[in-house]
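Colleague: Have a peek at start-v6.tsv (TSV, C-alpha atoms and all ligand atoms).
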```tsv
chain	number	residue	atom	x	y	z
A	1234	MET	CA	96.70	82.87	98.73
A	1235	THR	CA	95.67	85.37	101.39
A	1236	ASP	CA	92.48	85.32	103.42
A	1237	ILE	CA	90.56	87.94	105.34
A	1238	GLU	CA	88.39	87.10	108.32
A	1239	VAL	CA	86.14	89.85	109.66
A	1240	THR	CA	84.17	89.04	112.82
A	1241	GLY	CA	81.61	91.18	114.62
A	1242	LEU	CA	83.25	94.34	113.30
A	1243	GLY	CA	81.99	97.64	114.66
A	1244	LYS	CA	83.08	101.26	114.23
A	1245	ARG	CA	81.58	104.18	116.08
A	1246	PHE	CA	82.44	107.81	115.29
A	1247	ASP	CA	81.12	109.91	118.20
A	1248	THR	CA	77.40	109.39	117.77
A	1249	VAL	CA	77.51	107.56	114.42
A	1250	ASP	CA	77.67	103.79	114.10
A	1251	ALA	CA	79.46	103.51	110.76
A	1252	LEU	CA	79.68	99.70	111.04
A	1253	THR	CA	77.67	97.31	113.19
A	1254	ASP	CA	78.47	93.63	113.73
A	1255	VAL	CA	79.93	93.01	110.25
A	1256	SER	CA	81.20	89.46	109.71
A	1257	PHE	CA	82.47	87.79	106.53
A	1258	SER	CA	85.44	85.93	105.21
A	1259	LEU	CA	87.16	86.23	101.85
A	1260	SER	CA	89.68	83.78	100.56
A	1261	GLY	CA	91.09	82.76	97.25
A	1262	ASN	CA	92.27	84.75	94.29
A	1263	LYS	CA	89.33	86.68	92.94
A	1264	ILE	CA	87.78	90.07	92.38
A	1265	CYS	CA	85.12	91.03	94.93
A	1266	GLY	CA	82.71	93.91	94.65
A	1267	LEU	CA	81.86	95.86	97.80
A	1268	LEU	CA	78.62	97.68	97.08
A	1269	GLY	CA	76.71	100.15	99.16
A	1270	ARG	CA	74.96	103.46	98.86
A	1271	ASN	CA	76.58	106.72	99.97
A	1272	GLY	CA	77.41	106.53	103.66
A	1273	ALA	CA	76.89	102.76	103.88
A	1274	GLY	CA	80.31	102.29	105.50
A	1275	LYS	CA	82.45	101.06	102.58
A	1276	THR	CA	85.42	103.37	103.14
A	1277	THR	CA	85.29	102.78	106.90
A	1278	LEU	CA	85.33	99.00	106.44
A	1279	LEU	CA	88.16	99.05	103.89
A	1280	SER	CA	90.21	101.50	105.94
A	1281	ILE	CA	90.00	99.13	108.92
A	1282	VAL	CA	90.90	96.11	106.76
A	1283	ALA	CA	93.99	97.98	105.54
A	1284	GLY	CA	94.96	99.08	109.05
A	1285	PHE	CA	94.40	102.82	108.34
A	1286	GLU	CA	91.66	103.03	110.92
A	1287	ARG	CA	91.07	101.21	114.22
A	1288	GLN	CA	87.78	99.42	114.85
A	1289	THR	CA	85.78	99.96	118.03
A	1290	GLY	CA	84.56	96.36	118.15
A	1291	GLY	CA	85.24	92.95	116.63
A	1292	THR	CA	88.29	91.62	114.81
A	1293	VAL	CA	89.90	91.75	111.37
A	1294	LEU	CA	92.47	89.09	110.58
A	1295	VAL	CA	94.63	88.88	107.46
A	1296	ASP	CA	96.08	85.40	107.19
A	1297	GLY	CA	95.18	84.93	110.85
A	1298	GLU	CA	96.99	88.11	112.02
A	1299	PRO	CA	95.18	91.16	113.46
A	1300	VAL	CA	95.79	94.16	111.19
A	1301	TRP	CA	95.88	97.11	113.58
A	1302	GLU	CA	99.49	98.30	114.05
A	1303	ASN	CA	100.77	95.03	112.61
A	1304	PRO	CA	103.12	95.52	109.63
A	1305	VAL	CA	103.09	91.78	108.87
A	1306	ALA	CA	99.36	92.00	108.09
A	1307	THR	CA	99.17	95.55	106.67
A	1308	GLY	CA	102.14	94.84	104.38
A	1309	LYS	CA	99.91	92.39	102.53
A	1310	VAL	CA	97.18	94.96	101.90
A	1311	CYS	CA	97.34	97.87	99.47
A	1312	LEU	CA	94.37	100.24	99.74
A	1313	VAL	CA	93.87	102.97	97.17
A	1314	ARG	CA	91.25	105.37	98.55
A	1315	GLY	CA	89.68	107.88	96.19
A	1316	VAL	CA	92.44	109.49	94.13
A	1317	GLY	CA	94.95	107.73	96.36
A	1318	ASP	CA	96.15	109.29	99.63
A	1319	ALA	CA	99.76	109.24	98.40
A	1320	THR	CA	99.03	111.35	95.34
A	1321	ALA	CA	98.65	114.45	97.55
A	1322	ALA	CA	102.40	114.33	98.30
A	1323	SER	CA	104.74	117.18	97.29
A	1324	VAL	CA	107.01	114.87	95.30
A	1325	SER	CA	107.31	113.89	91.66
A	1326	VAL	CA	105.41	110.92	90.27
A	1327	ARG	CA	108.73	109.12	89.81
A	1328	GLU	CA	109.73	109.69	93.47
A	1329	LEU	CA	106.34	108.46	94.60
A	1330	LEU	CA	106.74	105.26	92.61
A	1331	ASP	CA	110.27	104.80	94.00
A	1332	TYR	CA	108.79	105.10	97.50
A	1333	ALA	CA	106.06	102.55	96.66
A	1334	ALA	CA	108.74	100.21	95.31
A	1335	ARG	CA	110.57	100.30	98.67
A	1336	LEU	CA	107.34	99.68	100.56
A	1337	ARG	CA	105.89	96.89	98.43
A	1338	PRO	CA	107.86	93.63	98.10
A	1339	GLY	CA	105.87	92.60	94.99
A	1340	TRP	CA	106.34	95.95	93.20
A	1341	ASP	CA	106.76	95.71	89.41
A	1342	ALA	CA	108.54	98.87	88.23
A	1343	ARG	CA	108.34	97.99	84.53
A	1344	TYR	CA	104.60	97.43	84.78
A	1345	ALA	CA	104.18	100.72	86.69
A	1346	GLY	CA	106.00	102.49	83.85
A	1347	GLU	CA	103.76	100.85	81.25
A	1348	LEU	CA	100.64	101.92	83.14
A	1349	LEU	CA	101.86	105.53	83.41
A	1350	GLU	CA	102.37	105.53	79.65
A	1351	LYS	CA	98.95	104.03	79.07
A	1352	PHE	CA	97.30	106.68	81.25
A	1353	GLU	CA	99.61	109.40	79.89
A	1354	VAL	CA	100.92	110.48	83.30
A	1355	ALA	CA	104.29	112.26	83.08
A	1356	PRO	CA	106.75	110.80	85.66
A	1357	GLU	CA	108.56	114.13	86.18
A	1358	LYS	CA	105.41	116.00	87.22
A	1359	GLN	CA	104.61	116.82	90.86
A	1360	ALA	CA	101.97	114.31	91.97
A	1361	LYS	CA	99.75	116.90	93.64
A	1362	SER	CA	99.83	119.17	90.57
A	1363	LEU	CA	98.20	116.50	88.38
A	1364	SER	CA	94.59	116.88	87.33
A	1365	HIS	CA	92.02	114.92	89.36
A	1366	GLY	CA	91.73	112.25	86.65
A	1367	LYS	CA	95.51	111.87	86.33
A	1368	ARG	CA	95.80	111.54	90.11
A	1369	CYS	CA	93.24	108.74	89.91
A	1370	ALA	CA	95.34	107.14	87.18
A	1371	LEU	CA	98.41	107.41	89.41
A	1372	GLY	CA	96.47	105.90	92.32
A	1373	VAL	CA	95.33	102.87	90.33
A	1374	THR	CA	98.85	102.51	88.89
A	1375	ILE	CA	100.23	102.24	92.43
A	1376	GLY	CA	97.49	99.74	93.33
A	1377	LEU	CA	98.06	97.52	90.31
A	1378	ALA	CA	101.86	97.63	90.30
A	1379	SER	CA	102.01	96.90	94.06
A	1380	ARG	CA	100.90	93.32	93.31
A	1381	ALA	CA	99.88	93.21	96.98
A	1382	PRO	CA	98.19	89.93	97.97
A	1383	VAL	CA	95.14	92.01	98.89
A	1384	THR	CA	94.61	95.02	96.63
A	1385	ILE	CA	91.70	97.34	97.34
A	1386	PHE	CA	90.35	100.07	95.09
A	1387	ASP	CA	87.92	102.24	97.04
A	1388	GLU	CA	86.12	104.20	94.34
A	1389	SER	CA	89.59	105.04	93.15
A	1390	TYR	CA	88.98	104.83	89.43
A	1391	LEU	CA	85.74	106.83	89.33
A	1392	GLY	CA	87.54	110.08	88.43
A	1393	LEU	CA	88.98	108.49	85.28
A	1394	ASP	CA	87.31	109.32	81.97
A	1395	ALA	CA	85.50	106.50	80.17
A	1396	PRO	CA	88.42	105.33	77.93
A	1397	SER	CA	90.77	105.33	80.94
A	1398	ARG	CA	88.24	103.46	83.10
A	1399	TYR	CA	87.95	100.73	80.49
A	1400	ALA	CA	91.75	100.65	80.19
A	1401	PHE	CA	91.84	100.16	83.97
A	1402	TYR	CA	89.30	97.29	83.88
A	1403	ASP	CA	91.26	95.57	81.08
A	1404	ALA	CA	94.56	96.03	82.89
A	1405	LEU	CA	93.10	94.75	86.16
A	1406	LEU	CA	91.61	91.64	84.60
A	1407	ALA	CA	94.77	90.80	82.66
A	1408	ASP	CA	97.03	91.41	85.66
A	1409	VAL	CA	94.90	89.40	88.08
A	1410	LEU	CA	94.93	86.49	85.61
A	1411	ALA	CA	98.71	86.70	85.28
A	1412	HIS	CA	99.33	87.36	89.00
A	1413	PRO	CA	96.38	85.92	90.94
A	1414	ARG	CA	95.46	87.80	94.11
A	1415	LEU	CA	92.50	89.05	96.09
A	1416	VAL	CA	91.10	92.32	94.77
A	1417	ILE	CA	88.29	94.29	96.37
A	1418	ILE	CA	86.56	97.02	94.41
A	1419	SER	CA	84.22	99.36	96.22
A	1420	THR	CA	81.72	101.25	94.14
A	1421	HIS	CA	78.17	102.46	93.84
A	1422	LEU	CA	78.45	102.63	90.02
A	1423	ILE	CA	78.06	98.96	89.30
A	1424	GLU	CA	77.09	98.47	85.69
A	1425	GLU	CA	80.59	98.87	84.22
A	1426	VAL	CA	82.40	96.58	86.65
A	1427	ALA	CA	79.73	94.00	87.46
A	1428	THR	CA	81.11	91.43	85.04
A	1429	LEU	CA	84.48	91.47	86.84
A	1430	PHE	CA	83.03	90.37	90.18
A	1431	GLU	CA	83.13	86.80	91.42
A	1432	ASP	CA	81.92	87.70	94.91
A	1433	VAL	CA	79.62	90.50	95.96
A	1434	LEU	CA	79.28	92.09	99.41
A	1435	ILE	CA	76.52	94.62	100.01
A	1436	LEU	CA	76.71	97.00	102.96
A	1437	ASP	CA	73.60	98.84	103.97
A	1438	ARG	CA	73.66	101.46	106.75
A	1439	GLY	CA	76.74	99.92	108.32
A	1440	LYS	CA	75.46	96.35	108.25
A	1441	LEU	CA	76.35	93.52	105.92
A	1442	MET	CA	73.18	92.87	103.96
A	1443	LEU	CA	74.49	90.18	101.65
A	1444	HIS	CA	77.61	88.20	100.76
A	1445	GLU	CA	77.10	85.98	97.77
A	1446	ASP	CA	78.97	84.74	94.75
A	1447	ALA	CA	78.02	86.91	91.79
A	1448	ASP	CA	76.52	84.10	89.70
A	1449	THR	CA	74.17	83.10	92.52
A	1450	MET	CA	73.13	86.73	92.85
A	1451	ARG	CA	72.43	87.07	89.15
A	1452	ALA	CA	70.37	83.86	89.28
A	1453	ALA	CA	68.20	85.44	92.01
A	1454	GLY	CA	66.15	87.01	89.27
A	1455	ALA	CA	65.69	87.22	85.53
A	1456	ALA	CA	65.08	89.76	82.80
A	1457	VAL	CA	62.09	88.65	80.73
A	1458	THR	CA	61.96	90.19	77.26
A	1459	GLY	CA	59.49	89.89	74.41
A	1460	ASP	CA	56.10	91.05	73.21
A	1461	ALA	CA	54.71	93.41	75.88
A	1462	ALA	CA	51.39	91.59	76.30
A	1463	LEU	CA	53.11	88.21	76.65
A	1464	VAL	CA	55.60	89.61	79.18
A	1465	ASP	CA	52.72	91.07	81.22
A	1466	SER	CA	50.91	87.74	81.23
A	1467	PHE	CA	54.09	85.84	82.18
A	1468	THR	CA	55.00	88.16	85.05
A	1469	LEU	CA	51.52	88.22	86.58
A	1470	GLY	CA	51.88	87.34	90.28
A	1471	LEU	CA	55.71	87.63	90.21
A	1472	GLU	CA	57.75	90.38	91.90
A	1473	VAL	CA	58.73	92.83	89.17
A	1474	LEU	CA	61.60	95.20	90.03
A	1475	GLY	CA	61.32	97.35	86.94
A	1476	GLU	CA	60.25	97.45	83.31
A	1477	ARG	CA	61.57	98.98	80.10
A	1478	MET	CA	59.70	99.44	76.81
A	1479	LEU	CA	61.20	99.53	73.35
A	1480	GLY	CA	58.37	99.84	70.83
A	1481	ARG	CA	56.11	96.83	71.43
A	1482	THR	CA	58.90	94.95	73.17
A	1483	LYS	CA	59.04	94.95	76.93
A	1484	SER	CA	61.79	93.86	79.30
A	1485	ALA	CA	60.71	93.16	82.87
A	1486	MET	CA	63.08	92.39	85.73
A	1487	VAL	CA	61.66	89.67	87.89
A	1488	TYR	CA	62.98	88.94	91.41
A	1489	GLY	CA	62.87	85.40	92.77
A	1490	PRO	CA	63.89	82.06	91.33
A	1491	LEU	CA	62.06	80.75	88.25
A	1492	ASP	CA	61.50	77.00	88.28
A	1493	GLU	CA	61.95	74.84	85.18
A	1494	LYS	CA	58.19	74.77	84.49
A	1495	ARG	CA	58.05	78.57	84.31
A	1496	ARG	CA	61.19	78.72	82.21
A	1497	ALA	CA	59.65	76.24	79.76
A	1498	ARG	CA	56.51	78.41	79.65
A	1499	ALA	CA	58.65	81.43	78.76
A	1500	ARG	CA	60.39	79.53	75.97
A	1501	GLU	CA	57.06	78.32	74.55
A	1502	ALA	CA	55.78	81.91	74.55
A	1503	GLY	CA	58.91	83.03	72.65
A	1504	LEU	CA	60.17	85.13	75.58
A	1505	ASP	CA	63.87	85.61	76.28
A	1506	LEU	CA	65.17	84.99	79.81
A	1507	ASP	CA	68.47	86.57	80.79
A	1508	PRO	CA	70.28	86.92	84.12
A	1509	ILE	CA	69.30	90.03	86.01
A	1510	ALA	CA	71.67	93.00	86.02
A	1511	LEU	CA	73.54	93.33	89.32
A	1512	GLN	CA	72.81	97.05	89.35
A	1513	ASP	CA	69.04	96.43	89.25
A	1514	LEU	CA	69.30	93.97	92.10
A	1515	PHE	CA	71.45	96.36	94.13
A	1516	VAL	CA	68.99	99.21	93.65
A	1517	HIS	CA	66.13	96.93	94.65
A	1518	LEU	CA	67.85	95.60	97.76
A	1519	THR	CA	69.11	98.93	99.05
A	1520	SER	CA	66.36	101.35	98.07
A	1521	GLY	CA	64.58	101.34	101.42
A	1522	GLY	CA	64.67	105.11	101.87
A	1523	ALA	CA	67.34	107.67	101.03
A	1524	ARG	CA	69.71	108.98	103.68
B	1	LIG	N1	85.95	110.46	110.46
B	1	LIG	C1	84.62	110.38	110.62
B	1	LIG	N2	84.01	111.05	111.61
B	1	LIG	C2	82.67	110.95	111.80
B	1	LIG	N3	81.85	110.20	111.02
B	1	LIG	C3	82.41	109.53	110.02
B	1	LIG	C4	83.82	109.57	109.74
B	1	LIG	N4	84.09	108.78	108.68
B	1	LIG	C5	82.89	108.28	108.29
B	1	LIG	N5	81.90	108.71	109.07
B	1	LIG	C6	80.47	108.36	108.98
B	1	LIG	O1	80.39	106.94	108.87
B	1	LIG	C7	79.39	106.57	107.93
B	1	LIG	C8	80.00	105.70	106.84
B	1	LIG	O2	80.87	106.51	106.05
B	1	LIG	P1	81.77	105.88	104.89
B	1	LIG	O3	82.62	106.99	104.37
B	1	LIG	O4	82.46	104.68	105.39
B	1	LIG	O5	80.66	105.46	103.82
B	1	LIG	P2	80.82	105.05	102.27
B	1	LIG	O6	79.97	103.86	102.07
B	1	LIG	O7	82.26	104.92	101.93
B	1	LIG	O8	80.17	106.31	101.55
B	1	LIG	P3	80.40	106.98	100.08
B	1	LIG	O9	79.92	106.01	99.05
B	1	LIG	O10	79.53	108.19	100.16
B	1	LIG	O11	81.87	107.30	99.96
B	1	LIG	C9	78.77	107.87	107.44
B	1	LIG	O12	77.62	108.14	108.21
B	1	LIG	C10	79.84	108.89	107.71
B	1	LIG	O13	79.28	110.17	107.91
```
Any chance you could put this one into structure tokens?
Ligand SMILES: Nc1ncnc2c1ncn2[C@@H]1O[C@H](COP(=O)(O)OP(=O)(O)OP(=O)(O)O)[C@@H](O)[C@H]1O
Modeller:
Amino acid sequence: MTDIEVTGLGKRFDTVDALTDVSFSLSGNKICGLLGRNGAGKTTLLSIVAGFERQTGGTVLVDGEPVWENPVATGKVCLVRGVGDATAASVSVRELLDYAARLRPGWDARYAGELLEKFEVAPEKQAKSLSHGKRCALGVTIGLASRAPVTIFDESYLGLDAPSRYAFYDALLADVLAHPRLVIISTHLIEEVATLFEDVLILDRGKLMLHEDADTMRAAGAAVTGDAALVDSFTLGLEVLGERMLGRTKSAMVYGPLDEKRRARAREAGLDLDPIALQDLFVHLTSGGAR
């Protein structure tokens, strides 16, 4: 089991503070979601954690070791950024996987082959000549088959079409169950992957806004559904994040804990209470002005 300890992390690019005083720790075998709007600092943070980029302040430790220019620490982290940096290479897919196999002690060649078949990526093709979606598929194949103790997908599956994205989610879940490890998924498209997350980190303008386990986050609000008039009466005085109508039925997303008395009132009124969608919460928490 590998752990990551980030303390007071800062990164300045010329005049831009991409990260400011970010601190958190992750340990245990689980899937964590790193959420943030465009420009929030996700790629910068993950690049520093993987040792691709050097911080300008603070520390990042992997199993107690600083990551910058330290192969002991960086060898434990596999970061797939976008389509995967490696997929731009002028080599065949097969050669690229052979290279990954030499680099990654946990590499599973048979599994990599199965994934290529699943995503219909031809091993003899030049990696950089693949379509954008197939390069994404190759990137996530390298990430999954690396079996690195810390595997990071930085928006790396977003170029996949819907069937391939769901194939990726299924493969990830099955593989993490069979080979437990720490996985970090960075995204701003949350709905599809939200159910995979056990932990959620939200970055906002370079600062860590929230680090919570996903169940606690979902319990921070509720979706109240039922007859529109009854929903309106129930939500009076509560913070409502959004509403949806379907005929006479309304669903309102309420932010803030509901005590047992209120929950009983909802039941008596025939209203349904469900956990709030992570996406709705994310939009609410980070919508303080577009950049
Ligand atoms: N090499 C760089 N030089 C200058 N500024 C940079 C550099 N890399 C990132 N930045 C700036 O740092 C901030 C964070 O960028 P970053 O790419 O980490 O955000 P992100 O959350 O990954 O965004 P997105 O979701 O749009 O990919 C942005 O303001 C960006 O312009």
Colleague: Just give me the gap between atom CA of Arg1495 of chain A and atom CA of Glu1431 of chain A in Å, one decimal is fine.
Modeller: 27.3 Å
Colleague: Provide the atom CA of Thr1289 of chain A to atom CA of Lys1244 of chain A distance in Å, to one decimal place.
Modeller: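 Separation of atom CA of Thr1289 of chain A and atom CA of Lys1244 of chain A: 4.8 Å.
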Colleague: Show which residues sit within 10 Å of Asp1513 of chain A, as a ChimeraX atom specification. Count all atoms listed in the file, and ignore same-chain residues fewer than 3 positions away.
Modeller: /A:1423-1424,1451,1454,1474-1475,1486,1488,1509-1510,1516-1518
Colleague: Ligand LIG 1 (chain B): which residues are within 8 Å, counting only C-alpha atoms and all ligand atoms, as an mmCIF file with C-alpha atoms, keeping the file's coordinate frame?
Modeller:
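Saved to result13.cif:
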```cif
data_model
loop_
_atom_site.group_PDB
_atom_site.id
_atom_site.type_symbol
_atom_site.label_atom_id
_atom_site.label_comp_id
_atom_site.auth_asym_id
_atom_site.auth_seq_id
_atom_site.Cartn_x
_atom_site.Cartn_y
_atom_site.Cartn_z
ATOM 1 C CA ARG A 1245 81.580 104.180 116.080
ATOM 2 C CA PHE A 1246 82.440 107.810 115.290
ATOM 3 C CA ASP A 1247 81.120 109.910 118.200
ATOM 4 C CA VAL A 1249 77.510 107.560 114.420
ATOM 5 C CA ASP A 1250 77.670 103.790 114.100
ATOM 6 C CA ALA A 1251 79.460 103.510 110.760
ATOM 7 C CA LEU A 1252 79.680 99.700 111.040
ATOM 8 C CA GLY A 1269 76.710 100.150 99.160
ATOM 9 C CA ARG A 1270 74.960 103.460 98.860
ATOM 10 C CA ASN A 1271 76.580 106.720 99.970
ATOM 11 C CA GLY A 1272 77.410 106.530 103.660
ATOM 12 C CA ALA A 1273 76.890 102.760 103.880
ATOM 13 C CA GLY A 1274 80.310 102.290 105.500
ATOM 14 C CA LYS A 1275 82.450 101.060 102.580
ATOM 15 C CA THR A 1276 85.420 103.370 103.140
ATOM 16 C CA THR A 1277 85.290 102.780 106.900
ATOM 17 C CA LEU A 1278 85.330 99.000 106.440
ATOM 18 C CA ASP A 1387 87.920 102.240 97.040
ATOM 19 C CA GLU A 1388 86.120 104.200 94.340
ATOM 20 C CA THR A 1420 81.720 101.250 94.140
ATOM 21 C CA HIS A 1421 78.170 102.460 93.840
ATOM 22 C CA LEU A 1436 76.710 97.000 102.960
ATOM 23 C CA ARG A 1438 73.660 101.460 106.750
ATOM 24 C CA GLY A 1439 76.740 99.920 108.320
#
```
Colleague: Between atom CA of Ala1283 of chain A and atom CA of Trp1340 of chain A, what distance in Å does the model show, to one decimal?
Modeller: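 For atom CA of Ala1283 of chain A relative to atom CA of Trp1340 of chain A, the distance reads 17.6 Å.
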Colleague: Using all atoms listed in the file, find the one residue out of A:Asp1408, A:Glu1353, A:Glu1286, A:Asp1448 that sits nearest to Ala1427 of chain A.
Modeller: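 For Ala1427 of chain A, the nearest of the given residues is A:Asp1448.
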Colleague: Set the distance at 9 Å and use only C-alpha atoms: which residues neighbour Phe1352 of chain A once local chain neighbours fewer than 5 positions away are removed? I'd like the list as a PyMOL selection string.
Modeller: chain A and resi 1347+1367+1370-1371+1374+1397+1400-1401
Colleague: Where's the centre, and what are the edge lengths in Å to one decimal, of a box along x, y and z enclosing all listed atoms of segment 1292-1308 of chain A padded 3 Å per side, as AutoDock Vina command-line options?
Modeller:
```
--center_x 95.7 --center_y 91.6 --center_z 109.6 --size_x 20.8 --size_y 19.4 --size_z 16.4
```
Colleague: Smallest atom-to-atom distance to Pro1338 of chain A: which of A:Pro1299, A:Pro1382, A:Ala1322, A:Glu1350, using all atoms listed in the file?
Modeller: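 The shortest atom-to-atom distance to Pro1338 of chain A comes from A:Pro1382.
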